[in-house]
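Student: Okay, so here is model-v4.cif, and as you'll see once you scroll down, it has mmCIF, C-alpha atoms (C1' of nucleotides).
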```cif
data_run
loop_
_atom_site.label_atom_id
_atom_site.label_comp_id
_atom_site.auth_asym_id
_atom_site.auth_seq_id
_atom_site.Cartn_x
_atom_site.Cartn_y
_atom_site.Cartn_z
CA MET A 1 78.54 -24.66 -29.14
CA VAL A 2 76.92 -22.30 -26.67
CA ASN A 3 78.51 -19.69 -24.47
CA GLN A 4 81.13 -21.29 -22.28
CA GLN A 5 82.81 -18.26 -20.86
CA PHE A 6 81.49 -18.95 -17.39
CA ASN A 7 82.78 -22.53 -17.49
CA PHE A 8 86.14 -21.37 -18.79
CA ALA A 9 86.42 -18.69 -16.14
CA VAL A 10 85.60 -21.03 -13.26
CA HIS A 11 88.06 -23.56 -14.63
CA ILE A 12 90.80 -20.96 -14.85
CA LEU A 13 90.21 -19.67 -11.35
CA THR A 14 90.16 -23.18 -9.96
CA VAL A 15 93.55 -23.86 -11.49
CA LEU A 16 94.85 -20.62 -9.98
CA ALA A 17 93.40 -21.58 -6.61
CA VAL A 18 94.97 -25.02 -6.68
CA THR A 19 98.31 -23.71 -7.92
CA ARG A 20 98.50 -20.84 -5.43
CA GLY A 21 100.82 -18.85 -7.64
CA VAL A 22 101.37 -17.26 -11.02
CA VAL A 23 100.25 -19.26 -14.07
CA ASP A 24 100.67 -18.10 -17.66
CA SER A 25 97.92 -18.05 -20.25
CA GLN A 26 99.58 -20.81 -22.26
CA THR A 27 99.39 -23.23 -19.35
CA LEU A 28 95.83 -22.21 -18.49
CA ALA A 29 94.80 -22.64 -22.11
CA ARG A 30 96.15 -26.18 -22.14
CA SER A 31 94.16 -27.06 -19.04
CA VAL A 32 90.94 -25.57 -20.40
CA ASN A 33 91.72 -26.92 -23.85
CA THR A 34 91.37 -23.67 -25.68
CA ASN A 35 93.45 -20.83 -27.09
CA PRO A 36 95.73 -18.61 -24.98
CA VAL A 37 94.09 -15.49 -26.40
CA VAL A 38 90.69 -16.68 -25.28
CA VAL A 39 92.13 -17.19 -21.82
CA ARG A 40 93.76 -13.77 -21.78
CA ARG A 41 90.47 -12.09 -22.67
CA LEU A 42 88.79 -13.83 -19.77
CA LEU A 43 91.67 -12.89 -17.49
CA LEU A 44 91.08 -9.24 -18.34
CA ALA A 45 87.44 -9.55 -17.32
CA LEU A 46 88.35 -11.34 -14.11
CA ARG A 47 90.94 -8.73 -13.32
CA ALA A 48 88.43 -5.94 -13.92
CA ALA A 49 86.23 -7.68 -11.36
CA GLY A 50 89.11 -7.68 -8.89
CA LEU A 51 89.35 -11.46 -8.71
CA ILE A 52 92.86 -11.84 -10.10
CA GLU A 53 96.02 -9.89 -10.72
CA THR A 54 98.10 -10.18 -13.85
CA GLN A 55 101.68 -9.49 -14.59
CA ALA A 56 103.17 -8.77 -18.00
CA GLY A 57 106.64 -9.69 -19.12
CA LYS A 58 108.87 -12.64 -18.53
CA ASN A 59 107.63 -15.05 -15.86
CA GLY A 60 104.37 -13.16 -16.01
CA GLY A 61 100.88 -14.58 -15.79
CA ALA A 62 97.89 -14.47 -13.49
CA LYS A 63 97.22 -15.22 -9.85
CA LEU A 64 94.27 -14.95 -7.48
CA ALA A 65 93.80 -11.54 -5.91
CA ARG A 66 92.12 -12.93 -2.80
CA ASP A 67 91.31 -15.98 -0.73
CA PRO A 68 89.19 -18.57 -2.60
CA ARG A 69 86.86 -18.51 0.41
CA ARG A 70 85.95 -14.97 -0.60
CA ILE A 71 85.31 -15.66 -4.27
CA THR A 72 81.78 -16.79 -5.15
CA LEU A 73 80.54 -18.22 -8.42
CA LEU A 74 78.24 -15.21 -8.65
CA GLN A 75 81.22 -12.88 -8.77
CA ILE A 76 82.72 -14.96 -11.56
CA TYR A 77 79.39 -15.05 -13.37
CA ASP A 78 79.05 -11.28 -13.19
CA ALA A 79 82.60 -10.83 -14.39
CA VAL A 80 82.25 -12.83 -17.60
CA GLU A 81 78.67 -13.79 -18.46
CA PRO A 82 77.24 -11.37 -20.98
CA ARG A 83 73.85 -13.03 -21.42
CA PRO A 84 70.79 -13.15 -19.20
CA VAL A 85 69.49 -16.53 -18.08
CA LEU A 86 66.31 -16.09 -20.11
CA ALA A 87 66.72 -14.18 -23.35
CA MET A 88 64.61 -11.09 -23.82
CA ASN A 89 62.69 -10.55 -27.01
CA GLU A 90 64.15 -7.51 -28.73
CA ARG A 91 61.92 -7.29 -31.77
CA LYS A 92 59.35 -4.58 -31.95
CA ALA A 93 55.72 -5.29 -31.11
CA ALA A 94 52.88 -5.40 -33.60
CA ARG A 95 51.11 -2.20 -32.64
CA HIS A 96 47.65 -3.45 -33.52
CA CYS A 97 47.98 -6.36 -31.07
CA PHE A 98 47.19 -5.98 -27.43
CA VAL A 99 49.25 -8.95 -26.28
CA SER A 100 52.18 -8.05 -28.50
CA CYS A 101 52.34 -4.57 -26.99
CA ASN A 102 52.47 -5.74 -23.39
CA ILE A 103 54.11 -9.15 -23.35
CA LYS A 104 57.61 -7.72 -23.34
CA THR A 105 57.23 -5.97 -20.01
CA VAL A 106 55.63 -9.00 -18.44
CA MET A 107 58.31 -11.35 -19.72
CA ALA A 108 60.99 -8.99 -18.46
CA THR A 109 59.63 -9.56 -14.97
CA VAL A 110 59.71 -13.31 -15.47
CA ALA A 111 63.28 -13.18 -16.76
CA LYS A 112 64.28 -10.99 -13.84
CA GLY A 113 62.93 -13.55 -11.41
CA ALA A 114 64.85 -16.34 -13.10
CA GLU A 115 67.98 -14.24 -12.98
CA ILE A 116 67.54 -13.63 -9.26
CA ALA A 117 67.02 -17.34 -8.62
CA VAL A 118 70.20 -18.29 -10.44
CA ARG A 119 72.19 -15.54 -8.80
CA LYS A 120 71.09 -16.66 -5.37
CA HIS A 121 72.25 -20.18 -6.19
CA LEU A 122 75.64 -19.03 -7.47
CA ARG A 123 76.20 -16.68 -4.55
CA GLY A 124 76.09 -19.67 -2.22
CA ILE A 125 79.05 -21.45 -3.79
CA THR A 126 82.63 -20.35 -3.21
CA LEU A 127 85.68 -21.16 -5.24
CA HIS A 128 87.09 -22.80 -2.13
CA ARG A 129 84.09 -25.13 -2.01
CA LEU A 130 84.74 -26.14 -5.61
CA GLN A 131 88.36 -26.88 -4.79
CA GLN A 132 87.28 -29.17 -1.98
CA LYS A 133 84.88 -31.02 -4.23
CA ILE A 134 87.54 -31.52 -6.85
CA ARG A 135 90.02 -32.83 -4.30
CA ARG A 136 87.55 -35.45 -3.20
CA GLY A 137 87.30 -36.58 -6.85
CA MET B 1 70.13 -12.97 -31.42
CA VAL B 2 69.92 -15.67 -28.82
CA ASN B 3 67.34 -18.40 -28.43
CA GLN B 4 63.88 -16.91 -28.25
CA GLN B 5 61.74 -19.97 -28.56
CA PHE B 6 60.53 -19.66 -24.99
CA ASN B 7 59.50 -16.05 -25.50
CA PHE B 8 57.78 -16.92 -28.74
CA ALA B 9 55.93 -19.83 -27.17
CA VAL B 10 54.69 -17.83 -24.20
CA HIS B 11 53.59 -15.06 -26.52
CA ILE B 12 51.68 -17.50 -28.72
CA LEU B 13 49.94 -19.15 -25.79
CA THR B 14 49.01 -15.80 -24.31
CA VAL B 15 47.34 -14.80 -27.56
CA LEU B 16 45.47 -18.10 -27.57
CA ALA B 17 44.44 -17.57 -23.98
CA VAL B 18 43.17 -14.06 -24.65
CA THR B 19 41.41 -15.06 -27.85
CA ARG B 20 39.73 -18.15 -26.37
CA GLY B 21 39.42 -19.78 -29.75
CA VAL B 22 41.18 -20.99 -32.87
CA VAL B 23 43.92 -18.77 -34.27
CA ASP B 24 45.91 -19.53 -37.41
CA SER B 25 49.69 -19.47 -37.67
CA GLN B 26 49.63 -16.45 -39.95
CA THR B 27 47.87 -14.33 -37.34
CA LEU B 28 50.09 -15.62 -34.54
CA ALA B 29 53.18 -14.90 -36.62
CA ARG B 30 52.08 -11.30 -37.12
CA SER B 31 51.62 -10.84 -33.40
CA VAL B 32 54.99 -12.35 -32.55
CA ASN B 33 56.55 -10.61 -35.55
CA THR B 34 58.09 -13.72 -37.08
CA ASN B 35 57.42 -16.27 -39.79
CA PRO B 36 54.35 -18.57 -39.84
CA VAL B 37 56.58 -21.63 -40.26
CA VAL B 38 58.49 -20.74 -37.11
CA VAL B 39 55.17 -20.48 -35.30
CA ARG B 40 53.96 -23.80 -36.67
CA ARG B 41 57.08 -25.56 -35.45
CA LEU B 42 56.51 -24.19 -31.98
CA LEU B 43 52.86 -25.20 -32.15
CA LEU B 44 53.94 -28.78 -32.83
CA ALA B 45 56.11 -28.75 -29.72
CA LEU B 46 53.33 -27.24 -27.63
CA ARG B 47 50.89 -29.79 -28.95
CA ALA B 48 53.28 -32.64 -28.12
CA ALA B 49 53.32 -31.26 -24.57
CA GLY B 50 49.53 -31.36 -24.50
CA LEU B 51 49.14 -27.61 -24.11
CA ILE B 52 47.29 -26.91 -27.34
CA GLU B 53 45.28 -28.62 -30.03
CA THR B 54 45.65 -27.91 -33.72
CA GLN B 55 43.33 -28.33 -36.62
CA ALA B 56 44.36 -28.63 -40.26
CA GLY B 57 42.35 -27.42 -43.20
CA LYS B 58 40.21 -24.39 -43.83
CA ASN B 59 39.45 -22.33 -40.72
CA GLY B 60 42.07 -24.41 -38.99
CA GLY B 61 44.63 -23.21 -36.47
CA ALA B 62 45.50 -23.71 -32.84
CA LYS B 63 43.67 -23.35 -29.55
CA LEU B 64 44.45 -24.02 -25.91
CA ALA B 65 43.92 -27.59 -24.78
CA ARG B 66 43.19 -26.60 -21.18
CA ASP B 67 42.45 -23.82 -18.74
CA PRO B 68 45.21 -21.16 -18.56
CA ARG B 69 45.10 -21.65 -14.79
CA ARG B 70 46.52 -25.10 -15.39
CA ILE B 71 49.35 -24.07 -17.70
CA THR B 72 52.61 -23.04 -16.03
CA LEU B 73 55.60 -21.36 -17.60
CA LEU B 74 57.61 -24.43 -16.65
CA GLN B 75 55.44 -26.59 -18.88
CA ILE B 76 56.00 -24.18 -21.73
CA TYR B 77 59.72 -24.07 -21.00
CA ASP B 78 59.98 -27.84 -21.06
CA ALA B 79 58.01 -27.99 -24.26
CA VAL B 80 60.25 -25.69 -26.28
CA GLU B 81 63.54 -24.83 -24.57
CA PRO B 82 66.34 -27.05 -25.81
CA ARG B 83 69.19 -25.50 -23.85
CA PRO B 84 70.15 -25.70 -20.19
CA VAL B 85 70.32 -22.50 -18.17
CA LEU B 86 74.08 -22.84 -17.72
CA ALA B 87 75.92 -24.42 -20.64
CA MET B 88 77.98 -27.51 -19.95
CA ASN B 89 81.52 -27.75 -21.20
CA GLU B 90 81.65 -30.54 -23.76
CA ARG B 91 85.31 -30.49 -24.69
CA LYS B 92 87.54 -33.24 -23.47
CA ALA B 93 89.77 -32.72 -20.46
CA ALA B 94 93.55 -32.41 -20.55
CA ARG B 95 94.46 -35.75 -19.03
CA HIS B 96 97.62 -34.50 -17.37
CA CYS B 97 95.67 -31.89 -15.42
CA PHE B 98 93.99 -32.67 -12.15
CA VAL B 99 91.53 -29.78 -12.29
CA SER B 100 90.74 -30.36 -15.94
CA CYS B 101 89.80 -33.96 -15.24
CA ASN B 102 87.34 -33.19 -12.46
CA ILE B 103 85.89 -29.76 -13.13
CA LYS B 104 83.24 -31.07 -15.49
CA THR B 105 81.50 -33.18 -12.87
CA VAL B 106 81.60 -30.38 -10.35
CA MET B 107 80.24 -27.84 -12.80
CA ALA B 108 77.47 -30.23 -13.77
CA THR B 109 76.26 -30.08 -10.19
CA VAL B 110 76.36 -26.30 -10.24
CA ALA B 111 74.43 -26.19 -13.52
CA LYS B 112 71.91 -28.64 -12.15
CA GLY B 113 71.28 -26.40 -9.16
CA ALA B 114 70.75 -23.38 -11.40
CA GLU B 115 68.35 -25.37 -13.52
CA ILE B 116 66.34 -26.39 -10.45
CA ALA B 117 66.18 -22.80 -9.24
CA VAL B 118 64.86 -21.52 -12.56
CA ARG B 119 62.38 -24.37 -12.87
CA LYS B 120 60.99 -23.64 -9.44
CA HIS B 121 60.51 -20.02 -10.42
CA LEU B 122 58.75 -20.88 -13.67
CA ARG B 123 56.53 -23.48 -12.04
CA GLY B 124 55.05 -20.76 -9.86
CA ILE B 125 53.72 -18.67 -12.74
CA THR B 126 50.61 -19.66 -14.69
CA LEU B 127 49.51 -18.49 -18.10
CA HIS B 128 46.42 -17.12 -16.43
CA ARG B 129 48.59 -14.97 -14.19
CA LEU B 130 50.34 -13.56 -17.25
CA GLN B 131 47.01 -12.73 -18.83
CA GLN B 132 46.00 -10.79 -15.74
CA LYS B 133 49.22 -8.83 -15.74
CA ILE B 134 48.81 -7.96 -19.39
CA ARG B 135 45.24 -6.78 -18.88
CA ARG B 136 46.40 -4.40 -16.19
CA GLY B 137 48.84 -2.88 -18.71
"C1'" DT C 1 35.64 -28.70 -55.69
"C1'" DT C 2 37.91 -24.87 -54.15
"C1'" DA C 3 39.88 -21.98 -50.68
"C1'" DA C 4 42.42 -21.78 -46.67
"C1'" DG C 5 44.73 -24.03 -43.49
"C1'" DT C 6 48.55 -27.34 -41.33
"C1'" DG C 7 52.81 -30.41 -41.51
"C1'" DT C 8 57.37 -30.71 -42.96
"C1'" DA C 9 61.62 -30.72 -45.62
"C1'" DA C 10 65.25 -28.16 -47.51
"C1'" DT C 11 67.91 -24.26 -47.85
"C1'" DA C 12 69.59 -19.68 -46.96
"C1'" DA C 13 70.58 -15.86 -44.01
"C1'" DA C 14 71.86 -13.89 -39.69
"C1'" DC C 15 74.17 -14.17 -35.58
"C1'" DA C 16 77.06 -15.37 -31.63
"C1'" DC C 17 81.03 -17.43 -30.02
"C1'" DA C 18 85.53 -19.38 -30.30
"C1'" DA C 19 89.88 -19.83 -32.58
"C1'" DT C 20 93.67 -17.96 -34.76
"C1'" DT C 21 97.17 -14.76 -36.40
"C1'" DA C 22 99.84 -10.95 -35.69
"C1'" DC C 23 102.25 -7.71 -33.31
"C1'" DA C 24 103.17 -3.82 -30.03
"C1'" DG C 25 104.25 -3.25 -25.30
"C1'" DT C 26 106.19 -4.94 -20.72
"C1'" DT C 27 109.24 -7.11 -17.59
"C1'" DT C 28 112.71 -10.29 -15.98
"C1'" DT C 29 117.15 -12.02 -16.31
"C1'" DG C 30 121.73 -12.87 -17.87
"C1'" DC D 1 121.42 -3.33 -22.46
"C1'" DA D 2 119.77 -7.16 -25.14
"C1'" DA D 3 117.21 -11.24 -25.42
"C1'" DA D 4 113.57 -14.08 -23.88
"C1'" DA D 5 109.08 -14.70 -22.30
"C1'" DC D 6 105.22 -12.88 -21.24
"C1'" DT D 7 100.59 -9.82 -21.61
"C1'" DG D 8 97.25 -6.73 -24.16
"C1'" DT D 9 94.62 -6.20 -28.08
"C1'" DA D 10 93.04 -5.72 -32.88
"C1'" DA D 11 91.58 -8.02 -36.90
"C1'" DT D 12 90.02 -11.89 -39.26
"C1'" DT D 13 88.33 -16.42 -39.93
"C1'" DG D 14 85.87 -20.62 -38.68
"C1'" DT D 15 81.99 -23.08 -36.68
"C1'" DG D 16 77.67 -24.02 -34.90
"C1'" DT D 17 73.03 -22.45 -33.69
"C1'" DT D 18 68.90 -20.17 -34.56
"C1'" DT D 19 65.66 -17.90 -37.44
"C1'" DA D 20 63.70 -16.91 -41.91
"C1'" DT D 21 62.12 -18.32 -46.23
"C1'" DT D 22 60.48 -21.16 -50.00
"C1'" DA D 23 58.04 -24.91 -51.54
"C1'" DC D 24 54.68 -28.25 -51.60
"C1'" DA D 25 51.95 -32.36 -50.10
"C1'" DC D 26 48.14 -33.14 -47.25
"C1'" DT D 27 43.67 -31.87 -44.77
"C1'" DT D 28 39.24 -29.87 -44.00
"C1'" DA D 29 35.30 -26.59 -44.10
"C1'" DA D 30 32.10 -24.48 -46.91
#
```
Spell out the structure here as structure tokens.

Tutor:
Amino acid sequence: MVNQQFNFAVHILTVLAVTRGVVDSQTLARSVNTNPVVVRRLLLALRAAGLIETQAGKNGGAKLARDPRRITLLQIYDAVEPRPVLAMNERKAARHCFVSCNIKTVMATVAKGAEIAVRKHLRGITLHRLQQKIRRG
Amino acid sequence: MVNQQFNFAVHILTVLAVTRGVVDSQTLARSVNTNPVVVRRLLLALRAAGLIETQAGKNGGAKLARDPRRITLLQIYDAVEPRPVLAMNERKAARHCFVSCNIKTVMATVAKGAEIAVRKHLRGITLHRLQQKIRRG
DNA sequence: TTAAGTGTAATAAACACAATTACAGTTTTG
DNA sequence: CAAAACTGTAATTGTGTTTATTACACTTAA
């Protein structure tokens, strides 16, 4: 199983958008089909990004902090996705080898470009747009 | 450590491009700083994609099957990268939940778009271009 | 015929992510 | 004010993926 935090986060926010109110982590977890604690951790990240508000205590839970028209997938991605699109090679170069010493920098540029391409794509999609698509089945 | 097969493969091919000849898996492994068996597995994938040729036996090894000008990063990516750019959620939906039942299809479209964006980026970069960049330091 | 390679299976080690348990702290409500 | 129903968060365990390693049969050049 690979990293699904982005999927989870979008799912959660979509539920919040559809519900238009406070939803607790238990309910969200059932919809996503995961554990409430996993949901709560994502909610913290989303709150830090200013996308939701949370409330502790009885009848607590989470709700959107702004209009779904003003929430893009890029904002969600930035809030929860810890990994770059293309992984960078972290191991140290073989000093005797010309290619080994320079490939890292070059590949960083390539990865950067891929990142930019994906970000541009995600920036063009709003949560509201997702809601519409889901309504149409 | 995340999936580095793409990095490894590009590194290997760059060495082959610079060397312009047969290089054995031992030597490649030292440059990449990994194990010869890992390299050999990647070489098989690259060979299946028609990017290199291999030779068994003494003085054997791998060499490019074509001009670096005609090898793009996308071809390398397709040869070795098993994972999509954005992971798909594989778990089954909660049937009672409207969002849960439809989010998967919607997110598949999003992931597809991201994939296309990255592929377009990678298609625009040749191995030859990488070589040039590395030469310039 | 031997030395030096590849091809490939099998297994172990390392790692990342998700799930789970536990519990302190917060807030509403009766 | 006490109980109920939440969140916040640490700690631990489980699971799957990727990389490393070992081993060895097969191939080929010299």

Student: Cα RMSD of chain A on chain B, all Cα atoms paired in order, least-squares fit?

Tutor: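 So the superposition leaves a C-alpha RMSD of 0.1 Å.
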
Student: Any chance you could work out the residue set of the PyMOL selection byres ((chain A) within 9 of (chain D)) here, as an MDAnalysis selection string?

Tutor: chainID A and resid 1:2 24:25 40:41 44 54:61

Student: Hey, what comes out of the PyMOL selection byres ((chain C) within 8 of (chain A)) on this file? Could you write it as a PDB file with C-alpha atoms (C1' of nucleotides), in the frame of the given file?

Tutor:
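Once written, out-v9.pdb looks like this:
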```
ATOM      1  C1'  DC C  17      81.030 -17.430 -30.020  1.00  0.00           C
ATOM      2  C1'  DA C  18      85.530 -19.380 -30.300  1.00  0.00           C
ATOM      3  C1'  DA C  19      89.880 -19.830 -32.580  1.00  0.00           C
ATOM      4  C1'  DT C  26     106.190  -4.940 -20.720  1.00  0.00           C
ATOM      5  C1'  DT C  27     109.240  -7.110 -17.590  1.00  0.00           C
ATOM      6  C1'  DT C  28     112.710 -10.290 -15.980  1.00  0.00           C
TER       7       DT C  28
END
```

Student: Counting all atoms listed in the file, which residues of chain B come no farther than 6 Å from chain A, as a ChimeraX atom specification?

Tutor: /B:31,94,100,102,114,117-118,134

Student: Report the distance between atom CA of B:Leu127 and atom CA of B:Gly21 in Å, rounded to one decimal place.

Tutor: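 Straight-line distance from atom CA of B:Leu127 to atom CA of B:Gly21 works out to 15.5 Å.
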
Student: Rounded to one decimal place, report the atom CA of B:Thr19-atom C1' of C:DG7 distance in Å.

Tutor: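 Between these atoms lies a distance of 23.5 Å.
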
Student: Find the distance between atom CA of B:Thr72 and atom CA of B:Leu16 and write it in Å to one decimal.

Tutor: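 Separating atom CA of B:Thr72 from atom CA of B:Leu16 is a distance of 14.4 Å.
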
Student: Give me the residues near A:Ile71 as JSON, numbers by chain, where near means some atom within 10 Å (using all atoms listed in the file) and where sequence neighbours in that chain fewer than 4 positions away do not count.

Tutor: {"A": [13, 50, 51, 64, 65, 66, 67, 75, 76, 123, 125, 126, 127, 128, 129]}

Student: Which one of B:Val80, B:Ala62, B:Arg69, B:Ala17 sits closest to B:Ala45 if you count all atoms listed in the file?

Tutor: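 Selected residue with least distance to B:Ala45: B:Val80.
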